[in-house]
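This report refers to the structure that appears directly beneath it.
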Amino acid sequence: MSLSAAEDDSGSEIHIPADIDWHMLDKSKFFFLGAALFSGLSAALYPVVVLKTRQQVSSTQVSCFKMSFSIMRYEGLRGFYRGFGTSLMGTIPARALYMGALEVTKSSVGTATVSLGFSDTTATALANAAAGLSSAMAAQLVWTPIDVVSQRLMVQGYNDSNSSKNVNLNVNFCRYRNGLDAFRKILYADGPKGLYRGFGISILTYAPSNAVWWASYSVAHKLIWSGIGCSMGKKDESGSIVMGSGLRPDSKALVAVQGLSAAMASGISALITMPLDTIKTRLQVLDREENGVRKPLNILQTVRNLVQEGGLAACYRGLGPRWASMALSATTMITTYEFLKRLSTKSQEPLTS
(Lines give C-alpha, C1' and ligand atoms only; values in the text may rest on other atoms or scores of the structure.)
Protein backbone atom coordinates (compact mmCIF):
# COMPACT_ATOMS: atom_id res chain seq x y z
CA MET A 1 0.00 0.00 0.00
CA SER A 2 1.38 3.36 -0.94
CA LEU A 3 0.63 6.38 1.21
CA SER A 4 3.04 8.74 -0.46
CA ALA A 5 1.98 11.49 -2.82
CA ALA A 6 1.24 9.91 -6.16
CA GLU A 7 1.90 11.67 -9.44
CA ASP A 8 -0.74 9.80 -11.40
CA ASP A 9 -4.46 10.05 -10.94
CA SER A 10 -5.21 6.37 -11.15
CA GLY A 11 -7.60 6.60 -8.21
CA SER A 12 -6.03 3.58 -6.50
CA GLU A 13 -4.10 5.37 -3.74
CA ILE A 14 -4.50 7.88 -0.95
CA HIS A 15 -2.94 11.05 -2.28
CA ILE A 16 -1.31 12.98 0.57
CA PRO A 17 0.93 15.98 -0.10
CA ALA A 18 4.55 15.26 -0.95
CA ASP A 19 7.19 16.00 1.68
CA ILE A 20 9.16 19.20 1.22
CA ASP A 21 12.94 18.84 1.13
CA TRP A 22 15.51 21.42 2.23
CA HIS A 23 16.47 22.39 -1.33
CA MET A 24 12.84 23.28 -2.12
CA LEU A 25 12.64 26.02 0.53
CA ASP A 26 13.16 29.76 0.27
CA LYS A 27 15.55 29.97 3.25
CA SER A 28 15.05 33.65 4.12
CA LYS A 29 11.26 33.30 4.11
CA PHE A 30 11.52 30.03 6.03
CA PHE A 31 13.55 31.53 8.90
CA PHE A 32 11.72 34.88 9.03
CA LEU A 33 8.22 33.38 9.07
CA GLY A 34 9.41 30.63 11.42
CA ALA A 35 10.67 33.16 13.97
CA ALA A 36 7.34 35.00 13.94
CA LEU A 37 5.12 31.90 14.11
CA PHE A 38 7.07 30.10 16.82
CA SER A 39 7.39 33.24 18.96
CA GLY A 40 3.59 33.34 19.04
CA LEU A 41 3.43 29.69 20.03
CA SER A 42 5.97 30.25 22.82
CA ALA A 43 3.85 33.06 24.25
CA ALA A 44 0.73 30.88 24.30
CA LEU A 45 2.41 27.91 26.00
CA TYR A 46 4.77 29.72 28.39
CA PRO A 47 2.48 29.61 31.47
CA VAL A 48 2.45 25.80 31.34
CA VAL A 49 6.26 25.78 31.26
CA VAL A 50 6.37 28.02 34.36
CA LEU A 51 3.98 25.67 36.14
CA LYS A 52 6.05 22.62 35.21
CA THR A 53 9.32 24.25 36.32
CA ARG A 54 7.99 25.27 39.72
CA GLN A 55 6.63 21.78 40.36
CA GLN A 56 9.98 20.25 39.49
CA VAL A 57 11.99 22.39 41.92
CA SER A 58 9.51 21.98 44.77
CA SER A 59 10.69 19.50 47.39
CA THR A 60 7.09 18.45 48.10
CA GLN A 61 4.30 17.28 45.85
CA VAL A 62 2.11 20.24 44.84
CA SER A 63 -0.92 19.88 42.59
CA CYS A 64 -1.24 21.88 39.39
CA PHE A 65 -4.37 23.57 40.72
CA LYS A 66 -2.74 24.62 43.98
CA MET A 67 0.35 25.91 42.18
CA SER A 68 -1.71 27.83 39.62
CA PHE A 69 -3.94 29.35 42.32
CA SER A 70 -0.92 30.42 44.36
CA ILE A 71 0.76 32.09 41.37
CA MET A 72 -2.41 33.94 40.40
CA ARG A 73 -3.19 34.99 43.98
CA TYR A 74 0.23 36.30 44.97
CA GLU A 75 1.79 37.29 41.66
CA GLY A 76 -1.08 37.76 39.25
CA LEU A 77 -0.94 36.98 35.54
CA ARG A 78 2.58 38.38 35.40
CA GLY A 79 3.77 35.44 37.50
CA PHE A 80 2.99 33.08 34.62
CA TYR A 81 5.28 35.08 32.33
CA ARG A 82 8.37 35.55 34.49
CA GLY A 83 11.44 35.21 32.27
CA PHE A 84 9.41 35.28 29.07
CA GLY A 85 11.36 38.17 27.54
CA THR A 86 14.62 36.29 27.99
CA SER A 87 13.10 33.09 26.63
CA LEU A 88 11.70 34.90 23.60
CA MET A 89 15.10 36.43 22.79
CA GLY A 90 16.60 32.96 22.73
CA THR A 91 13.76 31.42 20.76
CA ILE A 92 14.70 33.10 17.47
CA PRO A 93 18.36 31.95 17.14
CA ALA A 94 17.62 28.59 18.79
CA ARG A 95 14.72 27.87 16.42
CA ALA A 96 16.84 28.90 13.45
CA LEU A 97 19.56 26.43 14.47
CA TYR A 98 16.95 23.77 15.24
CA MET A 99 15.04 24.04 11.96
CA GLY A 100 18.20 24.32 9.85
CA ALA A 101 19.83 21.24 11.42
CA LEU A 102 16.52 19.35 11.30
CA GLU A 103 15.90 19.86 7.59
CA VAL A 104 19.51 19.40 6.44
CA THR A 105 19.92 16.16 8.44
CA LYS A 106 16.52 14.79 7.47
CA SER A 107 17.20 15.36 3.79
CA SER A 108 20.74 13.95 3.76
CA VAL A 109 20.08 10.94 6.01
CA GLY A 110 16.82 10.16 4.21
CA THR A 111 18.62 10.05 0.86
CA ALA A 112 21.41 7.91 2.29
CA THR A 113 19.12 5.36 3.96
CA VAL A 114 17.00 4.93 0.83
CA SER A 115 20.14 4.37 -1.27
CA LEU A 116 21.22 1.69 1.21
CA GLY A 117 18.04 -0.25 0.47
CA PHE A 118 15.93 0.48 3.55
CA SER A 119 12.16 0.51 3.15
CA ASP A 120 10.41 3.86 2.93
CA THR A 121 8.97 3.56 6.46
CA THR A 122 12.31 2.56 8.01
CA ALA A 123 14.24 5.20 6.08
CA THR A 124 11.79 7.91 7.17
CA ALA A 125 11.97 6.84 10.84
CA LEU A 126 15.79 6.75 10.78
CA ALA A 127 16.03 10.11 9.02
CA ASN A 128 13.62 11.72 11.50
CA ALA A 129 15.43 10.23 14.51
CA ALA A 130 18.81 11.47 13.25
CA ALA A 131 17.32 14.88 12.46
CA GLY A 132 15.79 15.15 15.93
CA LEU A 133 19.12 14.22 17.52
CA SER A 134 21.22 16.73 15.55
CA SER A 135 18.70 19.59 15.82
CA ALA A 136 18.43 19.23 19.61
CA MET A 137 22.20 19.26 20.03
CA ALA A 138 22.55 22.35 17.83
CA ALA A 139 19.74 24.25 19.59
CA GLN A 140 21.11 23.52 23.08
CA LEU A 141 24.13 25.73 22.37
CA VAL A 142 21.69 28.66 22.64
CA TRP A 143 18.92 27.15 24.76
CA THR A 144 20.99 26.09 27.79
CA PRO A 145 22.05 29.61 28.90
CA ILE A 146 18.56 30.90 28.04
CA ASP A 147 17.06 28.09 30.12
CA VAL A 148 19.32 28.84 33.08
CA VAL A 149 18.37 32.52 33.11
CA SER A 150 14.65 32.18 32.32
CA GLN A 151 14.09 29.32 34.78
CA ARG A 152 15.66 31.28 37.62
CA LEU A 153 13.35 34.15 36.80
CA MET A 154 10.40 31.73 36.63
CA VAL A 155 10.89 30.54 40.22
CA GLN A 156 12.13 33.83 41.70
CA GLY A 157 8.66 35.18 42.52
CA TYR A 158 7.80 31.89 44.18
CA ASN A 159 10.70 32.29 46.59
CA ASP A 160 8.93 35.22 48.29
CA SER A 161 7.49 34.53 51.73
CA ASN A 162 3.82 34.83 50.74
CA SER A 163 3.77 32.82 47.54
CA SER A 164 6.02 30.07 48.89
CA LYS A 165 3.75 29.47 51.87
CA ASN A 166 3.39 25.75 52.64
CA VAL A 167 5.73 24.93 49.76
CA ASN A 168 9.41 24.16 50.32
CA LEU A 169 11.73 25.54 47.65
CA ASN A 170 15.53 25.57 47.83
CA VAL A 171 15.83 28.12 45.06
CA ASN A 172 18.89 30.27 44.49
CA PHE A 173 18.44 33.27 46.81
CA CYS A 174 20.05 35.82 44.50
CA ARG A 175 17.57 38.47 43.35
CA TYR A 176 17.34 39.47 39.69
CA ARG A 177 15.70 42.57 38.25
CA ASN A 178 15.43 41.19 34.73
CA GLY A 179 17.05 38.77 32.29
CA LEU A 180 20.07 40.97 31.61
CA ASP A 181 20.69 41.44 35.34
CA ALA A 182 20.44 37.69 35.88
CA PHE A 183 22.83 37.03 33.00
CA ARG A 184 25.37 39.47 34.44
CA LYS A 185 25.13 38.16 38.03
CA ILE A 186 25.39 34.50 36.99
CA LEU A 187 28.39 35.29 34.80
CA TYR A 188 30.04 37.23 37.64
CA ALA A 189 29.38 34.56 40.28
CA ASP A 190 30.08 31.38 38.31
CA GLY A 191 31.74 32.42 35.06
CA PRO A 192 30.65 31.10 31.63
CA LYS A 193 30.15 27.61 33.08
CA GLY A 194 27.36 29.05 35.24
CA LEU A 195 25.35 29.81 32.11
CA TYR A 196 25.88 26.25 30.90
CA ARG A 197 24.87 24.50 34.09
CA GLY A 198 23.16 21.29 33.13
CA PHE A 199 24.40 21.43 29.53
CA GLY A 200 25.43 17.76 29.58
CA ILE A 201 22.16 16.58 31.08
CA SER A 202 20.29 18.88 28.67
CA ILE A 203 21.91 17.08 25.75
CA LEU A 204 21.11 13.73 27.39
CA THR A 205 17.50 14.89 27.85
CA TYR A 206 16.64 16.69 24.64
CA ALA A 207 18.73 14.75 22.11
CA PRO A 208 17.10 11.35 22.80
CA SER A 209 13.76 13.06 23.47
CA ASN A 210 13.81 14.67 20.03
CA ALA A 211 15.05 11.48 18.38
CA VAL A 212 12.25 9.46 20.03
CA TRP A 213 9.68 12.15 19.22
CA TRP A 214 10.49 12.51 15.51
CA ALA A 215 10.84 8.76 14.98
CA SER A 216 7.56 8.10 16.83
CA TYR A 217 5.85 10.87 14.91
CA SER A 218 6.86 9.52 11.50
CA VAL A 219 5.78 5.98 12.40
CA ALA A 220 2.48 7.14 13.95
CA HIS A 221 1.79 9.35 10.93
CA LYS A 222 2.19 6.45 8.51
CA LEU A 223 0.22 4.04 10.71
CA ILE A 224 -2.72 6.43 10.98
CA TRP A 225 -2.86 6.96 7.22
CA SER A 226 -2.58 3.20 6.77
CA GLY A 227 -5.52 2.73 9.12
CA ILE A 228 -7.54 5.33 7.25
CA GLY A 229 -6.73 3.64 3.95
CA CYS A 230 -7.68 0.19 5.26
CA SER A 231 -10.97 1.46 6.70
CA MET A 232 -12.01 3.21 3.49
CA GLY A 233 -11.00 0.72 0.86
CA LYS A 234 -10.16 -2.90 0.15
CA LYS A 235 -6.97 -4.63 -0.85
CA ASP A 236 -6.40 -6.00 -4.31
CA GLU A 237 -4.19 -9.02 -5.12
CA SER A 238 -1.01 -6.95 -4.90
CA GLY A 239 -1.90 -5.65 -1.44
CA SER A 240 -2.63 -2.08 -2.50
CA ILE A 241 -5.67 -0.22 -1.22
CA VAL A 242 -8.23 0.19 -3.99
CA MET A 243 -10.62 3.14 -3.71
CA GLY A 244 -13.60 3.94 -5.85
CA SER A 245 -11.84 7.15 -6.83
CA GLY A 246 -8.57 8.79 -5.83
CA LEU A 247 -8.84 9.94 -2.22
CA ARG A 248 -7.29 13.35 -1.61
CA PRO A 249 -7.61 14.33 2.07
CA ASP A 250 -8.61 17.94 2.68
CA SER A 251 -6.60 20.31 4.86
CA LYS A 252 -8.66 19.51 7.98
CA ALA A 253 -7.90 15.80 7.67
CA LEU A 254 -4.19 16.50 7.19
CA VAL A 255 -4.06 18.73 10.27
CA ALA A 256 -6.02 16.18 12.34
CA VAL A 257 -3.63 13.35 11.45
CA GLN A 258 -0.59 15.53 12.09
CA GLY A 259 -1.99 16.63 15.46
CA LEU A 260 -2.87 13.10 16.58
CA SER A 261 0.55 11.80 15.52
CA ALA A 262 2.24 14.62 17.45
CA ALA A 263 0.21 13.96 20.62
CA MET A 264 1.07 10.25 20.51
CA ALA A 265 4.77 10.98 20.00
CA SER A 266 4.73 13.51 22.87
CA GLY A 267 3.28 10.99 25.31
CA ILE A 268 5.99 8.45 24.51
CA SER A 269 8.77 11.02 24.69
CA ALA A 270 7.55 12.62 27.94
CA LEU A 271 7.34 9.28 29.78
CA ILE A 272 10.81 8.22 28.70
CA THR A 273 12.69 11.46 29.40
CA MET A 274 10.80 13.01 32.37
CA PRO A 275 13.34 11.97 35.08
CA LEU A 276 16.19 13.49 33.06
CA ASP A 277 14.22 16.72 32.57
CA THR A 278 13.57 17.01 36.32
CA ILE A 279 17.26 16.50 37.11
CA LYS A 280 18.23 19.07 34.45
CA THR A 281 15.83 21.69 35.81
CA ARG A 282 17.07 21.26 39.37
CA LEU A 283 20.72 21.45 38.31
CA GLN A 284 20.02 24.75 36.56
CA VAL A 285 17.93 26.33 39.31
CA LEU A 286 18.82 24.95 42.75
CA ASP A 287 21.94 25.50 44.87
CA ARG A 288 23.36 24.11 48.10
CA GLU A 289 25.02 26.00 50.93
CA GLU A 290 28.31 24.75 52.32
CA ASN A 291 30.02 26.65 55.17
CA GLY A 292 28.07 29.76 54.22
CA VAL A 293 29.16 29.55 50.57
CA ARG A 294 26.66 29.01 47.77
CA LYS A 295 27.63 26.17 45.46
CA PRO A 296 25.83 24.49 42.56
CA LEU A 297 24.45 21.00 42.96
CA ASN A 298 25.93 18.13 40.98
CA ILE A 299 24.04 15.25 39.37
CA LEU A 300 24.71 12.81 42.20
CA GLN A 301 23.45 15.20 44.87
CA THR A 302 20.40 16.04 42.78
CA VAL A 303 19.51 12.36 42.32
CA ARG A 304 20.09 11.70 46.04
CA ASN A 305 17.73 14.55 46.98
CA LEU A 306 15.05 13.24 44.63
CA VAL A 307 15.35 9.72 46.08
CA GLN A 308 14.99 11.12 49.62
CA GLU A 309 11.97 13.22 48.61
CA GLY A 310 9.99 10.41 47.03
CA GLY A 311 12.05 8.14 44.83
CA LEU A 312 10.97 7.65 41.24
CA ALA A 313 7.68 9.49 41.86
CA ALA A 314 9.66 12.66 42.69
CA CYS A 315 11.32 12.43 39.27
CA TYR A 316 7.89 12.60 37.66
CA ARG A 317 6.70 15.77 39.41
CA GLY A 318 5.33 18.06 36.75
CA LEU A 319 4.64 15.18 34.33
CA GLY A 320 1.07 16.39 33.74
CA PRO A 321 2.06 19.94 32.76
CA ARG A 322 5.06 18.66 30.81
CA TRP A 323 2.98 16.19 28.80
CA ALA A 324 0.32 18.83 28.24
CA SER A 325 2.97 21.36 27.24
CA MET A 326 4.71 18.89 24.93
CA ALA A 327 1.45 17.69 23.38
CA LEU A 328 0.09 21.20 22.81
CA SER A 329 3.46 22.50 21.68
CA ALA A 330 4.10 19.53 19.40
CA THR A 331 0.61 19.57 17.90
CA THR A 332 0.75 23.28 17.15
CA MET A 333 4.43 23.09 16.23
CA ILE A 334 4.11 20.31 13.66
CA THR A 335 1.00 21.77 12.01
CA THR A 336 2.58 25.23 12.01
CA TYR A 337 5.87 23.76 10.82
CA GLU A 338 4.29 21.96 7.88
CA PHE A 339 2.29 25.11 7.08
CA LEU A 340 5.49 27.15 7.29
CA LYS A 341 7.30 24.82 4.89
CA ARG A 342 4.50 25.13 2.34
CA LEU A 343 4.48 28.91 2.68
CA SER A 344 8.27 28.93 2.18
CA THR A 345 8.38 26.65 -0.87
CA LYS A 346 10.13 28.22 -3.84
CA SER A 347 7.55 29.26 -6.41
CA GLN A 348 9.51 27.77 -9.28
CA GLU A 349 9.33 24.32 -7.67
CA PRO A 350 5.65 23.64 -7.08
CA LEU A 351 4.63 20.63 -5.06
CA THR A 352 2.93 17.71 -6.66
CA SER A 353 0.10 16.38 -4.63
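Residue numbering restarts at 1 in every chain; chains get A, B, ... in the order shown in the C-alpha coordinates, and ligands count up from 1 in that same order.
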Practice task
Identify, with DSSP run on backbone atoms, the residues in stretch 40-198 of chain A assigned to alpha helix (DSSP H), and express the list as JSON, numbers by chain.
Solution key: {"A": [40, 41, 42, 43, 44, 45, 46, 47, 48, 49, 50, 51, 52, 53, 54, 55, 56, 57, 64, 65, 66, 67, 68, 69, 70, 71, 72, 73, 74, 84, 85, 86, 87, 88, 89, 90, 91, 92, 93, 94, 95, 96, 97, 98, 99, 100, 101, 102, 103, 104, 105, 106, 107, 108, 109, 110, 111, 112, 113, 114, 115, 120, 121, 122, 123, 124, 125, 126, 127, 128, 129, 130, 131, 132, 133, 134, 135, 136, 137, 138, 139, 140, 141, 142, 143, 144, 145, 146, 147, 148, 149, 150, 151, 152, 153, 154, 155, 156, 179, 180, 181, 182, 183, 184, 185, 186, 187, 188, 189, 190, 192, 193, 194, 195]}
Problem - Nearby residues (only C-alpha atoms) at most 10 Å from stretch 54-69 of chain A, same-chain spacing under 4 positions excluded, as a PyMOL selection string - result: chain A and resi 47-50+73-76+79-80+151-152+154-156+158+163-164+166-171+275+277-286+305-306+308-310+313-321
Per residue of stretch 25-120 of chain A within 10 Å of stretch 146-150 of chain A, which atom pair is closest and at what distance in Å (one decimal), using only C-alpha atoms, listed by chain and increasing number, as CSV?
residue,atom,partner,partner_atom,distance
A:Val50,CA,A:Ser150,CA,9.5
A:Tyr81,CA,A:Ser150,CA,9.8
A:Arg82,CA,A:Ser150,CA,7.4
A:Gly83,CA,A:Ser150,CA,4.4
A:Phe84,CA,A:Ser150,CA,6.9
A:Gly85,CA,A:Ser150,CA,8.3
A:Thr86,CA,A:Ser150,CA,6.0
A:Ser87,CA,A:Ser150,CA,6.0
A:Leu88,CA,A:Ile146,CA,9.1
A:Met89,CA,A:Ile146,CA,8.4
A:Gly90,CA,A:Ile146,CA,6.0
A:Thr91,CA,A:Ile146,CA,8.7
A:Ala94,CA,A:Ile146,CA,9.6
Could you save the residues just selected, with N, CA and C atoms, as a PDB file, in the first residue's frame?
ATOM      1  N   VAL A  50       6.119  27.465  33.023  1.00  0.00           N
ATOM      2  CA  VAL A  50       6.369  28.019  34.355  1.00  0.00           C
ATOM      3  C   VAL A  50       5.820  27.082  35.424  1.00  0.00           C
ATOM      4  N   TYR A  81       4.412  34.661  33.434  1.00  0.00           N
ATOM      5  CA  TYR A  81       5.282  35.081  32.332  1.00  0.00           C
ATOM      6  C   TYR A  81       6.637  35.592  32.815  1.00  0.00           C
ATOM      7  N   ARG A  82       7.046  35.174  34.002  1.00  0.00           N
ATOM      8  CA  ARG A  82       8.373  35.546  34.485  1.00  0.00           C
ATOM      9  C   ARG A  82       9.437  34.907  33.592  1.00  0.00           C
ATOM     10  N   GLY A  83      10.364  35.720  33.118  1.00  0.00           N
ATOM     11  CA  GLY A  83      11.440  35.213  32.268  1.00  0.00           C
ATOM     12  C   GLY A  83      11.070  35.070  30.808  1.00  0.00           C
ATOM     13  N   PHE A  84       9.848  35.486  30.449  1.00  0.00           N
ATOM     14  CA  PHE A  84       9.409  35.280  29.069  1.00  0.00           C
ATOM     15  C   PHE A  84      10.224  36.099  28.073  1.00  0.00           C
ATOM     16  N   GLY A  85      10.563  37.337  28.434  1.00  0.00           N
ATOM     17  CA  GLY A  85      11.357  38.174  27.535  1.00  0.00           C
ATOM     18  C   GLY A  85      12.678  37.528  27.186  1.00  0.00           C
ATOM     19  N   THR A  86      13.342  36.981  28.206  1.00  0.00           N
ATOM     20  CA  THR A  86      14.615  36.289  27.990  1.00  0.00           C
ATOM     21  C   THR A  86      14.429  35.064  27.110  1.00  0.00           C
ATOM     22  N   SER A  87      13.385  34.295  27.410  1.00  0.00           N
ATOM     23  CA  SER A  87      13.099  33.091  26.634  1.00  0.00           C
ATOM     24  C   SER A  87      12.819  33.427  25.179  1.00  0.00           C
ATOM     25  N   LEU A  88      12.054  34.508  24.965  1.00  0.00           N
ATOM     26  CA  LEU A  88      11.704  34.897  23.602  1.00  0.00           C
ATOM     27  C   LEU A  88      12.939  35.319  22.803  1.00  0.00           C
ATOM     28  N   MET A  89      13.867  36.015  23.457  1.00  0.00           N
ATOM     29  CA  MET A  89      15.101  36.433  22.789  1.00  0.00           C
ATOM     30  C   MET A  89      15.916  35.234  22.324  1.00  0.00           C
ATOM     31  N   GLY A  90      15.857  34.160  23.106  1.00  0.00           N
ATOM     32  CA  GLY A  90      16.604  32.956  22.733  1.00  0.00           C
ATOM     33  C   GLY A  90      15.879  32.084  21.738  1.00  0.00           C
ATOM     34  N   THR A  91      14.550  32.255  21.648  1.00  0.00           N
ATOM     35  CA  THR A  91      13.757  31.419  20.757  1.00  0.00           C
ATOM     36  C   THR A  91      14.168  31.585  19.300  1.00  0.00           C
ATOM     37  N   ALA A  94      17.696  30.024  18.499  1.00  0.00           N
ATOM     38  CA  ALA A  94      17.623  28.589  18.790  1.00  0.00           C
ATOM     39  C   ALA A  94      16.741  27.872  17.769  1.00  0.00           C
TER      40      ALA A  94
END
Problem - Shell of 9 Å around A:Val257, only C-alpha atoms, local chain residues under 6 positions omitted, as a ChimeraX atom specification - result: /A:221,224-225
Counting only C-alpha atoms, give me one row per residue of stretch 32-121 of chain A with an atom at most 10 Å from an atom of stretch 326-331 of chain A, showing the shortest contact pair and its distance in Å to one decimal, sorted by chain then residue number, as CSV.
residue,atom,partner,partner_atom,distance
A:Phe38,CA,A:Ser329,CA,9.7
A:Leu41,CA,A:Ser329,CA,7.4
A:Ser42,CA,A:Ser329,CA,8.2
A:Ala44,CA,A:Ser329,CA,9.2
A:Leu45,CA,A:Ser329,CA,7.0
A:Tyr46,CA,A:Ser329,CA,9.9
A:Val48,CA,A:Met326,CA,9.7
A:Val49,CA,A:Met326,CA,9.5
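Nearest residue to A:Val104 among A:Gly259, A:Pro296, A:Gly132, A:Gly191 is A:Gly132, counting only C-alpha atoms.
Relative to atom CA of A:Thr105, atom CA of A:Thr121 is found at 16.8 Å.
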Problem - Distance of atom CA of A:Ala262 from atom CA of A:Ala131, expressed in Å to one decimal place - result: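 Separation of atom CA of A:Ala131 and atom CA of A:Ala262: 15.9 Å.
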Exercise for the section: Give the answer as one residue: which of A:Ile92, A:Trp323, A:Glu289, A:Arg197 has the shortest atom-to-atom distance to A:Ser39, using only C-alpha atoms? Expected result: A:Ile92
Practice task
May I have the residues within 8 Å of A:Tyr98 as a PyMOL selection string, using only C-alpha atoms and disregarding those fewer than 5 positions away in the same chain?
Solution key: chain A and resi 135-136+138-139
Suppose we keep N, CA, C and O atoms; can you now write the selection as a short mmCIF file (atom, residue, chain, number, x, y, z; two decimals), in the first residue's frame?
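Ended up saving to out-v9.cif:
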data_model
loop_
_atom_site.label_atom_id
_atom_site.label_comp_id
_atom_site.auth_asym_id
_atom_site.auth_seq_id
_atom_site.Cartn_x
_atom_site.Cartn_y
_atom_site.Cartn_z
N SER A 135 19.33 18.28 15.60
CA SER A 135 18.70 19.59 15.82
C SER A 135 18.68 19.95 17.31
O SER A 135 18.88 21.12 17.67
N ALA A 136 18.44 18.96 18.17
CA ALA A 136 18.43 19.23 19.61
C ALA A 136 19.81 19.63 20.09
O ALA A 136 19.96 20.56 20.90
N ALA A 138 22.22 21.02 18.35
CA ALA A 138 22.55 22.35 17.83
C ALA A 138 21.83 23.44 18.63
O ALA A 138 22.43 24.45 19.01
N ALA A 139 20.54 23.23 18.90
CA ALA A 139 19.74 24.25 19.59
C ALA A 139 20.19 24.46 21.03
O ALA A 139 20.08 25.57 21.57
#
Problem - Distance in Å - atom CA of A:Leu25 versus atom CA of A:Ile203 - result: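 Going from atom CA of A:Leu25 over to atom CA of A:Ile203, I get 28.3 Å.
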Picked from stretch 273-303 of chain A by DSSP as strand (DSSP E), as a PDB file with N, CA and C atoms, in the first residue's frame:
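This went into selection.pdb:
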ATOM      1  N   ASP A 287      20.579  25.435  44.331  1.00  0.00           N
ATOM      2  CA  ASP A 287      21.941  25.503  44.871  1.00  0.00           C
ATOM      3  C   ASP A 287      21.976  24.823  46.229  1.00  0.00           C
ATOM      4  N   ARG A 288      23.169  24.591  46.733  1.00  0.00           N
ATOM      5  CA  ARG A 288      23.358  24.109  48.102  1.00  0.00           C
ATOM      6  C   ARG A 288      24.272  25.101  48.819  1.00  0.00           C
ATOM      7  N   GLU A 289      24.188  25.086  50.143  1.00  0.00           N
ATOM      8  CA  GLU A 289      25.021  25.996  50.931  1.00  0.00           C
ATOM      9  C   GLU A 289      25.998  25.171  51.751  1.00  0.00           C
ATOM     10  N   GLU A 290      27.268  25.483  51.614  1.00  0.00           N
ATOM     11  CA  GLU A 290      28.314  24.746  52.318  1.00  0.00           C
ATOM     12  C   GLU A 290      29.232  25.740  53.012  1.00  0.00           C
ATOM     13  N   VAL A 293      28.824  29.246  51.971  1.00  0.00           N
ATOM     14  CA  VAL A 293      29.156  29.550  50.574  1.00  0.00           C
ATOM     15  C   VAL A 293      28.168  28.845  49.662  1.00  0.00           C
ATOM     16  N   ARG A 294      27.603  29.595  48.722  1.00  0.00           N
ATOM     17  CA  ARG A 294      26.657  29.012  47.770  1.00  0.00           C
ATOM     18  C   ARG A 294      27.404  28.246  46.690  1.00  0.00           C
ATOM     19  N   LYS A 295      27.010  26.997  46.490  1.00  0.00           N
ATOM     20  CA  LYS A 295      27.627  26.169  45.465  1.00  0.00           C
ATOM     21  C   LYS A 295      26.555  25.451  44.654  1.00  0.00           C
ATOM     22  N   PRO A 296      26.815  25.218  43.371  1.00  0.00           N
ATOM     23  CA  PRO A 296      25.825  24.495  42.556  1.00  0.00           C
ATOM     24  C   PRO A 296      25.769  23.020  42.920  1.00  0.00           C
TER      25      PRO A 296
END
Practice task
Could you give me, as a list in words, the residues within 12 Å of A:Ser218, counting only C-alpha atoms and dropping anything in the same chain fewer than 6 positions from it?
Solution key: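 The residues that qualify are Asp19, Lys106, Asp120, Thr121, Thr122, Ala123, Thr124, Ala125, Leu126, Ala127, Asn128, Ala129, Ala131, Gly132, Ala211, Val212, Ile224, Trp225, Val257, Gln258, Leu260, Ser261, Ala262, Met264, Ala265 and Ile334 of chain A.
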